[in-house]
Amino acid sequence: MRATRRVALALDALRHGWPIEVDGVLRLLPAETGFGPGVTSPRLLISAARAVTLKLANQREAAQPDAPVLIRAGEPFDLSSARGIADPALDLANPFKGPFLAEHLDHARSAQTAMELARLAGILPAFLIDPAGPGEAQVVSSSDLTEWKDPRHLAIAARARLPVSASEDAEIIAFRSADDLREHVALVIGEQNGDRAPLVRLHSECLTGDILGSLKCDCGPQLDAALHAMAHEARDGGWGVLLYLRQEGRGIGLINKLRAYELQDQGFDTVDANNRLGLPTEARDFPVAARMLNLLGVSAVRLMTNNPAKVSALEAEGVSVAERVPHQLPANPHNERYLDTKRDRSGHLL
């Protein structure tokens, strides 16, 4: 079985609540989706970010401060107690946790692979270790995940003319990898011209903002403004490319993004909400965007962004950013704090 197929099967297993085995050294059952009567384990694996929330930061190993944390309690963890530790939505219902003892983590890379698999599966990053209970584990390795993430697997799957409200002169191109369910698309506006760097926007999927018109973020207005800017560029003899990346919630997935929204309603900002979930603030895969541009024959861009990290990420993948074009829109009462957090904690130029 090829490496990328093993990752696809592991992600499917995590969504269904089945166990996985990473690198032949860690047998894991997801705390959120796992099931089975009487399933228990003496140890629970949580992310470094969640450990900070649970006041276990002092128990992380100094040599590996970002590594997942392996904890043990006085009694074995069952699925209910594991979920109470993993899910911040249950913090108020379970205010007293512990005491916990952090154990030495022998297989940090394998544990980190498990955390990333959980994020890709859209579930909370917490696992029972070697759970007592039946069930054959889906085997996967850290090198399998590296291979699955390699953007060279991405290819153009289909393309068609697509008149849109911003411009009737547009073409949509769909990209996919064999073992990744996410299908990214590019919208090319105007006539492609290899002698002129296109106006490019990397736009990560946002169901709530792009489709439902959420006021909690600026995604919908940014998408609309980018398309109109590209249409204006095309009228002046240039062209534009919108890359629509299937990376909801900056890569944490729709369900976890909505969980973060719930925490924001309790007073946490975007960064702290993600960290309370045990998830990273930024988990998008920008090499995929670079691969899409490469497949379109684009080597230099004028990038519409307020985020210097996007510029650095594309340049690291060999795409020349000829110009950073600011893309700031007015705030509203519902997203002012969100935009302030982007500026103050995520380095956006706002």
# chains A, B, ... in the order shown; residues from 1 in each chain; ligands from 1

call {"tool": "residues_around", "arguments": {"residues": "region 196-209 of chain A", "least_positions_apart": "4", "cutoff": "6 Å", "atoms": "only C-alpha atoms", "output": "count of residues only"}}
result
19

call {"tool": "select_by_dssp", "arguments": {"residues": "region 52-285 of chain A", "states": "alpha helix (DSSP H)", "output": "VMD selection string"}}
result
chain A and resid 52 to 53 79 to 86 108 to 121 142 to 149 219 to 235 254 to 265 270 to 276

call {"tool": "atom_distance", "arguments": {"atom1": "CA of Ser110 (chain A)", "atom2": "CA of Ser141 (chain A)"}}
result
7.6 Å

call {"tool": "residues_around", "arguments": {"residues": "Pro280 (chain A)", "least_positions_apart": "5", "cutoff": "8 Å", "atoms": "only C-alpha atoms", "output": "short mmCIF file (atom, residue, chain, number, x, y, z; two decimals) with N, CA and C atoms, in the first residue's frame"}}
result
data_model
loop_
_atom_site.label_atom_id
_atom_site.label_comp_id
_atom_site.auth_asym_id
_atom_site.auth_seq_id
_atom_site.Cartn_x
_atom_site.Cartn_y
_atom_site.Cartn_z
N ALA A 49 0.02 23.10 23.37
CA ALA A 49 -0.84 24.27 23.58
C ALA A 49 -1.93 23.97 24.61
N ILE A 252 -7.49 24.52 10.58
CA ILE A 252 -7.95 23.68 11.70
C ILE A 252 -9.29 23.02 11.41
N ASN A 274 -7.73 29.29 19.72
CA ASN A 274 -7.12 28.12 19.06
C ASN A 274 -6.23 27.34 20.03
N ASN A 275 -5.45 28.05 20.82
CA ASN A 275 -4.54 27.38 21.75
C ASN A 275 -5.29 26.61 22.83
#

call {"tool": "closest_atom_pairs", "arguments": {"of": "region 252-282 of chain A", "to": "region 327-339 of chain A", "cutoff": "12 Å", "atoms": "only C-alpha atoms", "output": "JSON lines"}}
result
{"residue": "A:Tyr261", "atom": "CA", "partner": "A:Tyr338", "partner_atom": "CA", "distance": 10.8}
{"residue": "A:Gln264", "atom": "CA", "partner": "A:Tyr338", "partner_atom": "CA", "distance": 9.5}
{"residue": "A:Asp265", "atom": "CA", "partner": "A:His334", "partner_atom": "CA", "distance": 10.8}
{"residue": "A:Gly267", "atom": "CA", "partner": "A:Arg337", "partner_atom": "CA", "distance": 10.3}
{"residue": "A:Phe268", "atom": "CA", "partner": "A:Arg337", "partner_atom": "CA", "distance": 10.1}
{"residue": "A:Asp269", "atom": "CA", "partner": "A:Tyr338", "partner_atom": "CA", "distance": 7.1}
{"residue": "A:Thr270", "atom": "CA", "partner": "A:Tyr338", "partner_atom": "CA", "distance": 6.7}
{"residue": "A:Val271", "atom": "CA", "partner": "A:Tyr338", "partner_atom": "CA", "distance": 9.5}
{"residue": "A:Asp272", "atom": "CA", "partner": "A:Tyr338", "partner_atom": "CA", "distance": 11.6}
{"residue": "A:Ala273", "atom": "CA", "partner": "A:Tyr338", "partner_atom": "CA", "distance": 11.5}

call {"tool": "closest_residue", "arguments": {"among": "A:Glu21, A:Asp285, A:Glu136, A:Asp66", "to": "Ala313 (chain A)", "atoms": "only C-alpha atoms"}}
result
A:Asp285

call {"tool": "atom_distance", "arguments": {"atom1": "CA of His184 (chain A)", "atom2": "CA of Asp144 (chain A)"}}
result
21.6 Å
